[in-house]
$ cat input.cif   # mmCIF, C-alpha atoms and all ligand atoms
data_coords
loop_
_atom_site.label_atom_id
_atom_site.label_comp_id
_atom_site.auth_asym_id
_atom_site.auth_seq_id
_atom_site.Cartn_x
_atom_site.Cartn_y
_atom_site.Cartn_z
CA MET A 1 -20.74 -10.44 -9.71
CA LYS A 2 -21.02 -10.90 -13.47
CA ARG A 3 -20.19 -14.59 -13.75
CA LYS A 4 -19.57 -17.69 -11.67
CA LEU A 5 -15.91 -18.30 -10.90
CA LYS A 6 -13.66 -21.33 -10.77
CA VAL A 7 -11.92 -20.95 -7.43
CA GLY A 8 -8.98 -22.73 -5.80
CA VAL A 9 -8.32 -22.52 -2.05
CA VAL A 10 -4.86 -23.70 -0.96
CA GLY A 11 -5.03 -24.52 2.75
CA ALA A 12 -8.77 -25.21 2.53
CA THR A 13 -8.87 -27.23 5.77
CA GLY A 14 -7.09 -24.58 7.90
CA MET A 15 -8.50 -21.77 10.02
CA VAL A 16 -8.26 -19.22 7.21
CA GLY A 17 -9.33 -21.73 4.54
CA GLN A 18 -12.47 -22.71 6.47
CA THR A 19 -13.32 -19.04 6.95
CA PHE A 20 -13.03 -18.55 3.17
CA MET A 21 -15.74 -21.22 2.84
CA ASN A 22 -17.97 -19.56 5.46
CA LEU A 23 -17.60 -16.18 3.81
CA MET A 24 -18.25 -17.49 0.28
CA GLU A 25 -21.43 -19.05 1.66
CA GLU A 26 -22.52 -15.92 3.57
CA ARG A 27 -21.78 -13.51 0.73
CA GLN A 28 -23.16 -15.84 -1.98
CA PHE A 29 -19.83 -15.60 -3.76
CA PRO A 30 -20.61 -17.09 -7.19
CA VAL A 31 -18.66 -20.37 -7.40
CA ALA A 32 -18.89 -22.55 -10.51
CA GLU A 33 -16.16 -24.92 -9.28
CA LEU A 34 -14.20 -25.21 -6.04
CA ARG A 35 -10.79 -26.88 -5.94
CA PRO A 36 -9.75 -27.25 -2.28
CA PHE A 37 -6.05 -28.01 -1.73
CA ALA A 38 -4.50 -29.28 1.51
CA SER A 39 -1.74 -31.62 2.67
CA GLU A 40 -1.71 -35.36 1.99
CA ASN A 41 -3.24 -35.86 5.45
CA SER A 42 -6.49 -34.37 4.19
CA LEU A 43 -6.86 -36.57 1.11
CA GLY A 44 -10.29 -38.17 1.33
CA LYS A 45 -11.84 -35.15 3.11
CA LYS A 46 -14.56 -33.22 1.34
CA ILE A 47 -15.16 -29.50 1.64
CA GLU A 48 -18.79 -28.39 1.54
CA LEU A 49 -19.75 -25.19 -0.20
CA GLN A 50 -23.10 -23.92 -1.44
CA GLY A 51 -24.74 -27.35 -1.34
CA GLN A 52 -21.91 -29.27 -3.00
CA ALA A 53 -19.03 -31.32 -1.59
CA TRP A 54 -15.60 -30.94 -3.23
CA PRO A 55 -12.79 -33.45 -2.54
CA CYS A 56 -9.46 -32.16 -1.17
CA GLN A 57 -6.54 -32.39 -3.58
CA VAL A 58 -2.78 -32.06 -3.21
CA LEU A 59 -0.79 -29.53 -5.19
CA LYS A 60 0.69 -30.89 -8.42
CA GLU A 61 1.80 -29.52 -11.79
CA GLY A 62 -1.23 -28.33 -13.78
CA CYS A 63 -3.52 -28.27 -10.71
CA PHE A 64 -4.57 -24.65 -11.32
CA ASP A 65 -5.46 -25.06 -15.02
CA GLY A 66 -8.79 -23.44 -15.85
CA LEU A 67 -9.15 -21.57 -12.52
CA ASP A 68 -10.00 -17.85 -12.36
CA LEU A 69 -8.82 -17.26 -8.83
CA VAL A 70 -6.75 -19.03 -6.19
CA PHE A 71 -6.72 -18.03 -2.50
CA PHE A 72 -3.47 -19.12 -0.80
CA SER A 73 -3.53 -19.80 2.96
CA SER A 74 -0.85 -22.44 3.61
CA GLY A 75 2.23 -20.50 4.64
CA ASP A 76 5.14 -18.72 2.98
CA ASP A 77 6.97 -21.64 1.36
CA ILE A 78 3.91 -22.98 -0.44
CA SER A 79 2.92 -19.51 -1.68
CA LYS A 80 6.46 -18.76 -2.82
CA GLU A 81 6.51 -21.86 -5.00
CA TRP A 82 2.88 -22.17 -6.13
CA ALA A 83 1.41 -18.64 -6.41
CA PRO A 84 3.48 -17.87 -9.57
CA LYS A 85 2.22 -21.16 -11.06
CA ALA A 86 -1.39 -20.08 -10.46
CA VAL A 87 -0.72 -16.81 -12.30
CA ALA A 88 1.06 -18.65 -15.14
CA ALA A 89 -2.11 -20.76 -15.46
CA GLY A 90 -4.12 -17.54 -15.94
CA ALA A 91 -5.56 -17.12 -12.42
CA PHE A 92 -5.39 -14.31 -9.85
CA ALA A 93 -3.43 -15.46 -6.78
CA VAL A 94 -4.62 -13.75 -3.58
CA ASP A 95 -1.96 -14.64 -1.05
CA ASN A 96 -2.42 -14.63 2.73
CA SER A 97 1.20 -15.49 3.45
CA ALA A 98 4.08 -13.06 3.92
CA ALA A 99 5.95 -14.37 0.85
CA TYR A 100 5.27 -11.48 -1.54
CA ARG A 101 4.04 -8.64 0.69
CA MET A 102 7.18 -6.50 0.55
CA ASP A 103 8.07 -7.41 -3.05
CA PRO A 104 8.15 -4.03 -4.85
CA ASN A 105 6.38 -5.56 -7.86
CA THR A 106 3.48 -6.99 -5.83
CA VAL A 107 0.52 -4.93 -4.64
CA LEU A 108 -0.36 -5.20 -0.93
CA VAL A 109 -4.04 -4.44 -0.64
CA VAL A 110 -6.62 -3.53 1.99
CA PRO A 111 -9.69 -2.55 -0.08
CA GLU A 112 -10.84 0.24 2.30
CA VAL A 113 -7.36 1.80 2.28
CA ASN A 114 -5.69 1.31 -1.12
CA GLY A 115 -8.35 -0.60 -3.05
CA ASP A 116 -7.64 1.56 -6.11
CA LEU A 117 -4.69 -0.77 -6.82
CA VAL A 118 -7.02 -3.52 -8.07
CA GLY A 119 -10.21 -3.51 -10.09
CA PRO A 120 -12.08 -4.93 -13.08
CA GLY A 121 -9.20 -3.97 -15.40
CA SER A 122 -6.55 -5.88 -13.41
CA LYS A 123 -4.70 -8.72 -15.12
CA PRO A 124 -3.95 -12.05 -13.39
CA GLN A 125 -1.18 -11.43 -10.86
CA ILE A 126 -0.19 -12.13 -7.27
CA ILE A 127 -2.05 -9.82 -4.87
CA ALA A 128 -0.72 -9.90 -1.31
CA ASN A 129 -3.00 -9.79 1.71
CA PRO A 130 -1.29 -7.98 4.58
CA ASN A 131 -0.54 -9.38 8.04
CA CYS A 132 -3.67 -9.59 10.22
CA SER A 133 -2.41 -7.05 12.78
CA THR A 134 -1.48 -4.64 10.01
CA ILE A 135 -4.89 -4.81 8.34
CA GLN A 136 -6.88 -3.71 11.39
CA LEU A 137 -4.32 -1.01 12.17
CA VAL A 138 -4.43 0.60 8.72
CA VAL A 139 -8.26 0.49 8.54
CA ALA A 140 -8.32 2.55 11.77
CA LEU A 141 -5.51 4.89 10.66
CA LYS A 142 -6.86 5.59 7.17
CA PRO A 143 -9.53 8.23 8.06
CA LEU A 144 -7.07 9.99 10.37
CA ALA A 145 -4.39 9.98 7.66
CA ASP A 146 -6.85 11.36 5.09
CA LYS A 147 -8.29 14.12 7.30
CA PHE A 148 -5.31 15.26 9.39
CA GLY A 149 -2.17 13.47 8.16
CA ILE A 150 -0.24 11.20 10.50
CA GLU A 151 3.36 11.56 11.58
CA GLU A 152 4.02 8.63 13.88
CA VAL A 153 2.34 5.40 15.01
CA ARG A 154 3.17 3.21 17.99
CA VAL A 155 1.24 0.02 18.51
CA SER A 156 1.21 -2.72 21.12
CA SER A 157 -0.77 -5.83 20.24
CA TYR A 158 -2.63 -8.44 22.28
CA GLN A 159 -2.97 -11.28 19.77
CA ALA A 160 -5.27 -14.28 19.91
CA VAL A 161 -4.03 -17.87 19.58
CA SER A 162 -6.00 -18.39 16.34
CA GLY A 163 -3.39 -16.16 14.72
CA ALA A 164 -1.07 -19.18 14.93
CA GLY A 165 -3.53 -21.37 13.00
CA LYS A 166 -5.46 -24.40 14.15
CA ASP A 167 -2.44 -25.77 16.07
CA GLY A 168 -2.32 -22.61 18.21
CA HIS A 169 -6.07 -22.63 18.76
CA ASP A 170 -6.04 -26.32 19.76
CA GLU A 171 -3.02 -25.88 22.04
CA LEU A 172 -4.82 -23.30 24.20
CA LEU A 173 -8.01 -25.38 24.30
CA ALA A 174 -6.04 -28.47 25.36
CA GLN A 175 -4.31 -26.51 28.15
CA THR A 176 -7.65 -25.06 29.26
CA SER A 177 -9.24 -28.47 29.60
CA ASN A 178 -6.36 -29.76 31.71
CA HIS A 179 -5.02 -26.63 33.35
CA GLN A 180 -3.25 -28.41 36.21
CA ALA A 181 -1.12 -30.49 33.84
CA ASP A 182 2.51 -29.95 33.08
CA HIS A 183 2.21 -28.43 29.61
CA LYS A 184 4.70 -28.98 26.84
CA PRO A 185 4.21 -26.01 24.52
CA LYS A 186 4.59 -26.82 20.81
CA THR A 187 3.16 -23.95 18.77
CA PHE A 188 4.09 -21.21 21.25
CA PRO A 189 7.52 -20.76 22.90
CA HIS A 190 5.93 -21.01 26.39
CA THR A 191 2.67 -22.19 27.94
CA ILE A 192 0.04 -19.76 26.70
CA LEU A 193 -2.64 -20.53 29.30
CA PHE A 194 -2.83 -17.76 32.00
CA ASN A 195 0.13 -16.07 30.31
CA ALA A 196 1.23 -13.23 28.02
CA ILE A 197 4.15 -13.99 25.70
CA PRO A 198 6.07 -11.04 24.16
CA GLN A 199 7.20 -13.09 21.15
CA ILE A 200 5.41 -13.65 17.84
CA GLY A 201 7.84 -15.05 15.29
CA SER A 202 11.63 -14.86 15.44
CA PHE A 203 13.82 -11.95 16.60
CA ASN A 204 16.23 -9.80 14.56
CA ASP A 205 19.46 -8.25 15.86
CA GLU A 206 17.64 -5.00 16.77
CA GLY A 207 15.33 -6.90 19.13
CA TYR A 208 12.18 -6.76 16.99
CA SER A 209 10.13 -9.89 16.30
CA SER A 210 9.22 -10.82 12.72
CA GLU A 211 5.56 -9.97 13.46
CA GLU A 212 6.60 -6.47 14.58
CA VAL A 213 8.73 -5.92 11.48
CA LYS A 214 5.79 -6.95 9.27
CA ILE A 215 3.50 -4.38 10.92
CA MET A 216 6.09 -1.61 10.63
CA LYS A 217 7.00 -2.21 6.97
CA GLU A 218 3.54 -3.13 5.66
CA THR A 219 1.85 -0.10 7.29
CA ARG A 220 4.18 2.27 5.40
CA LYS A 221 3.62 0.44 2.11
CA ILE A 222 -0.20 0.33 2.38
CA LEU A 223 -0.53 3.96 3.52
CA ARG A 224 1.98 4.95 0.80
CA GLN A 225 3.98 6.94 3.35
CA ASN A 226 7.63 5.88 3.36
CA ASP A 227 8.56 8.47 5.97
CA LEU A 228 5.92 7.34 8.48
CA LYS A 229 7.50 6.46 11.82
CA VAL A 230 6.03 3.14 13.00
CA SER A 231 7.07 1.10 16.01
CA ALA A 232 5.33 -2.14 17.04
CA PHE A 233 5.48 -4.41 20.08
CA THR A 234 3.49 -7.65 19.71
CA VAL A 235 2.26 -9.97 22.46
CA ARG A 236 0.43 -13.30 22.31
CA ILE A 237 -2.35 -13.65 24.89
CA PRO A 238 -4.77 -16.50 25.68
CA ALA A 239 -7.70 -15.00 23.75
CA LEU A 240 -9.12 -17.56 21.31
CA ASN A 241 -9.88 -15.25 18.40
CA ALA A 242 -9.68 -11.52 17.45
CA HIS A 243 -6.60 -9.37 17.92
CA SER A 244 -6.58 -6.21 20.07
CA GLU A 245 -4.18 -3.29 19.72
CA SER A 246 -3.45 -0.21 21.79
CA VAL A 247 -2.38 2.47 19.35
CA TRP A 248 -0.66 5.84 19.85
CA VAL A 249 -0.98 8.01 16.74
CA THR A 250 0.57 11.44 16.30
CA LEU A 251 -1.43 13.60 13.90
CA LYS A 252 0.04 16.36 11.75
CA LYS A 253 -2.71 18.77 12.89
CA ASP A 254 -3.92 19.89 16.31
CA VAL A 255 -7.65 19.08 16.22
CA THR A 256 -10.52 18.64 18.67
CA ARG A 257 -11.83 15.29 19.96
CA ASP A 258 -15.04 15.91 17.99
CA HIS A 259 -12.98 16.12 14.80
CA VAL A 260 -11.15 12.88 15.59
CA MET A 261 -14.38 11.03 16.45
CA ALA A 262 -16.12 12.32 13.30
CA ALA A 263 -13.18 11.13 11.20
CA LEU A 264 -13.22 7.66 12.79
CA GLU A 265 -17.00 7.42 12.42
CA SER A 266 -16.64 8.14 8.69
CA GLY A 267 -13.99 5.41 8.27
CA GLU A 268 -14.88 2.67 5.80
CA GLY A 269 -15.12 -0.74 7.47
CA LEU A 270 -14.67 0.88 10.88
CA VAL A 271 -17.16 0.88 13.80
CA VAL A 272 -16.72 3.19 16.80
CA GLN A 273 -17.65 1.79 20.25
CA ASP A 274 -16.60 4.44 22.71
CA ASP A 275 -18.32 5.04 26.04
CA PRO A 276 -15.65 3.91 28.50
CA LYS A 277 -17.36 5.24 31.65
CA ARG A 278 -20.15 2.75 30.93
CA SER A 279 -17.56 0.05 30.11
CA VAL A 280 -18.33 0.28 26.42
CA TYR A 281 -15.35 -0.41 24.16
CA PRO A 282 -14.53 -3.19 21.69
CA LEU A 283 -13.79 -6.62 23.15
CA ALA A 284 -12.20 -9.60 21.40
CA ARG A 285 -14.95 -11.96 22.56
CA ASP A 286 -17.66 -9.77 20.99
CA VAL A 287 -15.73 -8.92 17.82
CA SER A 288 -14.86 -12.56 17.01
CA GLY A 289 -17.01 -13.65 14.07
CA LYS A 290 -17.75 -10.08 12.92
CA ASP A 291 -16.53 -8.32 9.79
CA PRO A 292 -15.63 -4.71 10.71
CA VAL A 293 -12.67 -3.27 12.56
CA TYR A 294 -13.77 -1.76 15.90
CA VAL A 295 -12.25 1.26 17.66
CA GLY A 296 -12.82 2.75 21.12
CA ARG A 297 -11.13 4.33 24.19
CA VAL A 298 -10.17 7.30 22.01
CA HIS A 299 -8.41 9.97 24.09
CA ARG A 300 -5.69 12.59 23.86
CA ASP A 301 -2.26 12.46 25.46
CA PRO A 302 -2.11 15.08 28.27
CA GLU A 303 1.34 16.33 27.21
CA ASN A 304 1.16 16.28 23.45
CA SER A 305 -2.04 17.66 21.95
CA LYS A 306 -1.40 15.95 18.59
CA LEU A 307 -0.97 12.48 20.14
CA TRP A 308 -4.09 10.28 20.36
CA LEU A 309 -4.57 6.90 21.99
CA MET A 310 -7.09 4.31 20.84
CA TRP A 311 -8.01 0.62 21.17
CA VAL A 312 -8.49 -1.29 17.90
CA VAL A 313 -9.99 -4.80 17.74
CA SER A 314 -10.79 -7.05 14.79
CA ASP A 315 -11.33 -10.72 13.90
CA ASN A 316 -7.87 -11.75 12.64
CA ILE A 317 -9.23 -14.65 10.58
CA ARG A 318 -12.02 -12.61 8.97
CA LYS A 319 -10.86 -9.04 8.22
CA GLY A 320 -7.28 -10.03 9.08
CA ALA A 321 -7.21 -12.74 6.41
CA ALA A 322 -10.12 -14.38 4.55
CA LEU A 323 -12.56 -11.45 4.40
CA ASN A 324 -9.86 -9.10 3.10
CA GLY A 325 -9.05 -11.68 0.39
CA ILE A 326 -12.71 -12.06 -0.60
CA GLN A 327 -13.12 -8.27 -0.76
CA ILE A 328 -10.10 -8.09 -3.10
CA ALA A 329 -11.71 -10.73 -5.34
CA GLU A 330 -15.03 -8.83 -5.27
CA LYS A 331 -13.23 -5.67 -6.46
CA ILE A 332 -11.67 -7.54 -9.38
CA PHE A 333 -14.62 -9.64 -10.48
CA GLY A 334 -17.43 -7.39 -9.13
N1 LIG A 401 -4.63 -17.37 11.41
C1 LIG A 401 -4.57 -16.07 11.13
O1 LIG A 401 -5.05 -15.21 11.91
C2 LIG A 401 -3.94 -15.60 9.86
C3 LIG A 401 -4.10 -14.26 9.51
C4 LIG A 401 -3.50 -13.78 8.36
C5 LIG A 401 -2.76 -14.63 7.58
N2 LIG A 401 -2.61 -15.93 7.94
C6 LIG A 401 -1.80 -16.79 7.06
O2 LIG A 401 -2.64 -17.72 6.42
C7 LIG A 401 -1.95 -18.95 6.23
C8 LIG A 401 -2.75 -20.09 6.85
O3 LIG A 401 -3.01 -19.82 8.20
P1 LIG A 401 -4.02 -20.69 9.06
O4 LIG A 401 -4.15 -19.95 10.34
O5 LIG A 401 -5.24 -21.02 8.28
O6 LIG A 401 -3.16 -22.04 9.29
P2 LIG A 401 -3.66 -23.51 9.65
O7 LIG A 401 -4.94 -23.47 10.38
O8 LIG A 401 -2.50 -24.16 10.30
O9 LIG A 401 -3.92 -24.19 8.20
C9 LIG A 401 -2.87 -24.53 7.33
C10 LIG A 401 -3.45 -25.10 6.05
O10 LIG A 401 -2.38 -25.38 5.14
C11 LIG A 401 -2.57 -26.72 4.66
N3 LIG A 401 -1.32 -27.32 4.22
C12 LIG A 401 -0.29 -27.77 4.98
N4 LIG A 401 0.67 -28.33 4.20
C13 LIG A 401 0.21 -28.23 2.92
C14 LIG A 401 0.72 -28.63 1.66
N5 LIG A 401 1.92 -29.23 1.56
N6 LIG A 401 0.01 -28.38 0.55
C15 LIG A 401 -1.22 -27.76 0.63
N7 LIG A 401 -1.77 -27.35 1.81
C16 LIG A 401 -1.05 -27.59 2.94
C17 LIG A 401 -3.19 -27.46 5.82
O11 LIG A 401 -3.75 -28.67 5.37
P3 LIG A 401 -3.95 -29.96 6.36
O12 LIG A 401 -5.21 -29.68 7.16
O13 LIG A 401 -4.10 -31.09 5.42
O14 LIG A 401 -2.74 -30.04 7.23
C18 LIG A 401 -4.22 -26.42 6.24
O15 LIG A 401 -5.31 -26.44 5.36
C19 LIG A 401 -0.56 -18.72 6.82
O16 LIG A 401 0.29 -18.26 5.79
C20 LIG A 401 -0.78 -17.63 7.83
O17 LIG A 401 0.39 -16.89 8.09
C21 LIG A 401 -3.19 -16.46 9.05
#

$ encode --input "input.cif" --output "structure tokens"
Amino acid sequence: MKRKLKVGVVGATGMVGQTFMNLMEERQFPVAELRPFASENSLGKKIELQGQAWPCQVLKEGCFDGLDLVFFSSGDDISKEWAPKAVAAGAFAVDNSAAYRMDPNTVLVVPEVNGDLVGPGSKPQIIANPNCSTIQLVVALKPLADKFGIEEVRVSSYQAVSGAGKDGHDELLAQTSNHQADHKPKTFPHTILFNAIPQIGSFNDEGYSSEEVKIMKETRKILRQNDLKVSAFTVRIPALNAHSESVWVTLKKDVTRDHVMAALESGEGLVVQDDPKRSVYPLARDVSGKDPVYVGRVHRDPENSKLWLMWVVSDNIRKGAALNGIQIAEKIFG
């Protein structure tokens, strides 16, 4: 990177915010100044980065002055109000919330898929980071879309509790440590321990949850294919971190398994782990803490030669949130 950057992180104490810190450390992201923002509860806390400790601040008028870049990871309402203020102050606002993703004037970026939308010539603006389940899905679909074209995607997700932030993570851990107790769920609509809950977000009149609608709409926008048929069914499971997805994808061409595997192996940011007879396929426990998207269990539907099934796993806090944001910043300032 050409110069050191003045960086704000809104939600610096959260699961995504803390992962931004880890990634900036790991990737030696050049930071001249860090301004960590959190709620009033975190005033007095210090965030450590690259050998320095930076005090947490609360959001207030003028708080972004002089910054080059602000990562937002504090939810939709905060992004809606404060991301435009970061841009008005001359900074890029990379937003992990859903506030601007489907805004026609805002780019929705996964660098491996549509990274051409941002670069060194970009002007300060809001850049939306997609939903975590969408990101891993489109990274796996991209090489298939490029090589063969895709007609239809169906996806069922098995999503970790960390996707609901530190409250979700802590709720499962608390239930695990006292699994005989009568649990009062707070973050999830039911007890998550030893369970599978087919609800992530709120439901619309058609019966889809808000998480499912995000996957369906965002996938079309990122792949730039408005006519793509996408249907999603999302489920919360008691995995701590990393989301898994079973995916059915209908290709436009009838191709061999070797062709499909070669395409997936060439996918940017994608790692193939596929030897099911030896129990080799991606697992959430192994993928947690890693950067790529992993794919395995690739096989053809017996009745439709263009329909392929696969298992896609990725760390929802890394590639599904903070890593994708850092990669966007690296494209702009690289
Ligand atoms: N978790 C995921 O897998 C994931 C993936 C993709 C996108 N996202 C999105 O990323 C965002 C953050 O998610 P998360 O999982 O990191 O949540 P989280 O662990 O609950 O963290 C929330 C953060 O927001 C801060 N915050 C709360 N109120 C605030 C305020 N008034 N002003 C400034 N900061 C405030 C919290 O600070 P305190 O510690 O002081 O309360 C904390 O740092 C959400 O929009 C989420 O949808 C999450």

$ residues_near_ligand --input "input.cif" --ligand "ligand LIG 401 (chain A)" --cutoff "7 Å" --atoms "only C-alpha atoms and all ligand atoms" --output "ChimeraX atom specification"
/A:10-17,37-42,58-59,73-76,78,96-98,131-132,162-167,316-317,320-321

$ closest_residue --input "input.cif" --among "A:Gln50, A:Gln159, A:Gln136, A:Thr219" --to "A:Val235" --atoms "all atoms listed in the file"
A:Gln159

$ residues_around --input "input.cif" --residues "A:Ser246" --least-positions-apart "6" --cutoff "8 Å" --atoms "only C-alpha atoms" --output "mmCIF file with C-alpha atoms, keeping the file's coordinate frame"
data_model
loop_
_atom_site.group_PDB
_atom_site.id
_atom_site.type_symbol
_atom_site.label_atom_id
_atom_site.label_comp_id
_atom_site.auth_asym_id
_atom_site.auth_seq_id
_atom_site.Cartn_x
_atom_site.Cartn_y
_atom_site.Cartn_z
ATOM 1 C CA VAL A 155 1.240 0.020 18.510
ATOM 2 C CA SER A 156 1.210 -2.720 21.120
ATOM 3 C CA SER A 157 -0.770 -5.830 20.240
ATOM 4 C CA LEU A 309 -4.570 6.900 21.990
ATOM 5 C CA MET A 310 -7.090 4.310 20.840
ATOM 6 C CA TRP A 311 -8.010 0.620 21.170
ATOM 7 C CA VAL A 312 -8.490 -1.290 17.900
#

$ atom_distance --input "input.cif" --atom1 "atom CA of A:Ile328" --atom2 "atom CA of A:Tyr100"
15.8 Å

$ residues_around --input "input.cif" --residues "A:Trp54" --least-positions-apart "5" --cutoff "8 Å" --atoms "only C-alpha atoms" --output "PyMOL selection string"
chain A and resi 34-36+46-49

$ closest_residue --input "input.cif" --among "A:Lys319, A:Thr134, A:Phe188, A:Phe148" --to "A:Val213" --atoms "only C-alpha atoms"
A:Thr134

$ atom_distance --input "input.cif" --atom1 "atom CA of A:Arg318" --atom2 "atom CA of A:Lys85"
26.0 Å

$ residues_around --input "input.cif" --residues "A:Lys147" --least-positions-apart "2" --cutoff "12 Å" --atoms "all atoms listed in the file" --output "count of residues only"
20

$ build_atoms --input "input.cif" --residues "stretch 36-43 of chain A" --atoms "all heavy atoms" --output "PDB file, in the coordinates of the input"
ATOM      1  N   PRO A  36     -10.424 -27.425  -3.573  1.00  0.00           N
ATOM      2  CA  PRO A  36      -9.750 -27.250  -2.280  1.00  0.00           C
ATOM      3  C   PRO A  36      -8.434 -28.026  -2.239  1.00  0.00           C
ATOM      4  O   PRO A  36      -8.416 -29.206  -2.587  1.00  0.00           O
ATOM      5  CB  PRO A  36     -10.754 -27.843  -1.273  1.00  0.00           C
ATOM      6  CG  PRO A  36     -11.719 -28.660  -2.064  1.00  0.00           C
ATOM      7  CD  PRO A  36     -11.479 -28.462  -3.518  1.00  0.00           C
ATOM      8  N   PHE A  37      -7.361 -27.353  -1.844  1.00  0.00           N
ATOM      9  CA  PHE A  37      -6.050 -28.010  -1.730  1.00  0.00           C
ATOM     10  C   PHE A  37      -5.627 -28.035  -0.263  1.00  0.00           C
ATOM     11  O   PHE A  37      -5.856 -27.074   0.483  1.00  0.00           O
ATOM     12  CB  PHE A  37      -4.998 -27.244  -2.535  1.00  0.00           C
ATOM     13  CG  PHE A  37      -5.280 -27.201  -4.012  1.00  0.00           C
ATOM     14  CD1 PHE A  37      -5.906 -26.097  -4.582  1.00  0.00           C
ATOM     15  CD2 PHE A  37      -4.936 -28.272  -4.831  1.00  0.00           C
ATOM     16  CE1 PHE A  37      -6.180 -26.051  -5.942  1.00  0.00           C
ATOM     17  CE2 PHE A  37      -5.202 -28.238  -6.202  1.00  0.00           C
ATOM     18  CZ  PHE A  37      -5.830 -27.122  -6.765  1.00  0.00           C
ATOM     19  N   ALA A  38      -5.020 -29.151   0.139  1.00  0.00           N
ATOM     20  CA  ALA A  38      -4.500 -29.280   1.510  1.00  0.00           C
ATOM     21  C   ALA A  38      -3.335 -30.251   1.468  1.00  0.00           C
ATOM     22  O   ALA A  38      -2.862 -30.616   0.377  1.00  0.00           O
ATOM     23  CB  ALA A  38      -5.607 -29.753   2.449  1.00  0.00           C
ATOM     24  N   SER A  39      -2.855 -30.679   2.642  1.00  0.00           N
ATOM     25  CA  SER A  39      -1.740 -31.620   2.670  1.00  0.00           C
ATOM     26  C   SER A  39      -2.260 -33.039   2.378  1.00  0.00           C
ATOM     27  O   SER A  39      -3.474 -33.266   2.358  1.00  0.00           O
ATOM     28  CB  SER A  39      -1.053 -31.588   4.030  1.00  0.00           C
ATOM     29  OG  SER A  39      -1.831 -32.293   4.968  1.00  0.00           O
ATOM     30  N   GLU A  40      -1.327 -33.958   2.253  1.00  0.00           N
ATOM     31  CA  GLU A  40      -1.710 -35.360   1.990  1.00  0.00           C
ATOM     32  C   GLU A  40      -2.603 -35.919   3.099  1.00  0.00           C
ATOM     33  O   GLU A  40      -3.442 -36.777   2.857  1.00  0.00           O
ATOM     34  CB  GLU A  40      -0.458 -36.227   1.866  1.00  0.00           C
ATOM     35  CG  GLU A  40       0.217 -36.011   0.536  1.00  0.00           C
ATOM     36  CD  GLU A  40       1.405 -36.941   0.309  1.00  0.00           C
ATOM     37  OE1 GLU A  40       1.739 -37.700   1.235  1.00  0.00           O
ATOM     38  OE2 GLU A  40       1.976 -36.872  -0.789  1.00  0.00           O
ATOM     39  N   ASN A  41      -2.430 -35.381   4.318  1.00  0.00           N
ATOM     40  CA  ASN A  41      -3.240 -35.860   5.450  1.00  0.00           C
ATOM     41  C   ASN A  41      -4.737 -35.637   5.229  1.00  0.00           C
ATOM     42  O   ASN A  41      -5.555 -36.296   5.860  1.00  0.00           O
ATOM     43  CB  ASN A  41      -2.872 -35.114   6.749  1.00  0.00           C
ATOM     44  CG  ASN A  41      -1.427 -35.304   7.098  1.00  0.00           C
ATOM     45  OD1 ASN A  41      -0.822 -36.275   6.671  1.00  0.00           O
ATOM     46  ND2 ASN A  41      -0.859 -34.371   7.859  1.00  0.00           N
ATOM     47  N   SER A  42      -5.068 -34.698   4.386  1.00  0.00           N
ATOM     48  CA  SER A  42      -6.490 -34.370   4.190  1.00  0.00           C
ATOM     49  C   SER A  42      -7.095 -35.043   2.965  1.00  0.00           C
ATOM     50  O   SER A  42      -8.273 -34.798   2.657  1.00  0.00           O
ATOM     51  CB  SER A  42      -6.669 -32.848   4.076  1.00  0.00           C
ATOM     52  OG  SER A  42      -6.313 -32.244   5.282  1.00  0.00           O
ATOM     53  N   LEU A  43      -6.292 -35.861   2.272  1.00  0.00           N
ATOM     54  CA  LEU A  43      -6.860 -36.570   1.110  1.00  0.00           C
ATOM     55  C   LEU A  43      -8.014 -37.444   1.599  1.00  0.00           C
ATOM     56  O   LEU A  43      -7.917 -38.092   2.648  1.00  0.00           O
ATOM     57  CB  LEU A  43      -5.788 -37.434   0.440  1.00  0.00           C
ATOM     58  CG  LEU A  43      -4.874 -36.680  -0.529  1.00  0.00           C
ATOM     59  CD1 LEU A  43      -3.768 -37.590  -1.053  1.00  0.00           C
ATOM     60  CD2 LEU A  43      -5.645 -36.066  -1.689  1.00  0.00           C
TER      61      LEU A  43
END
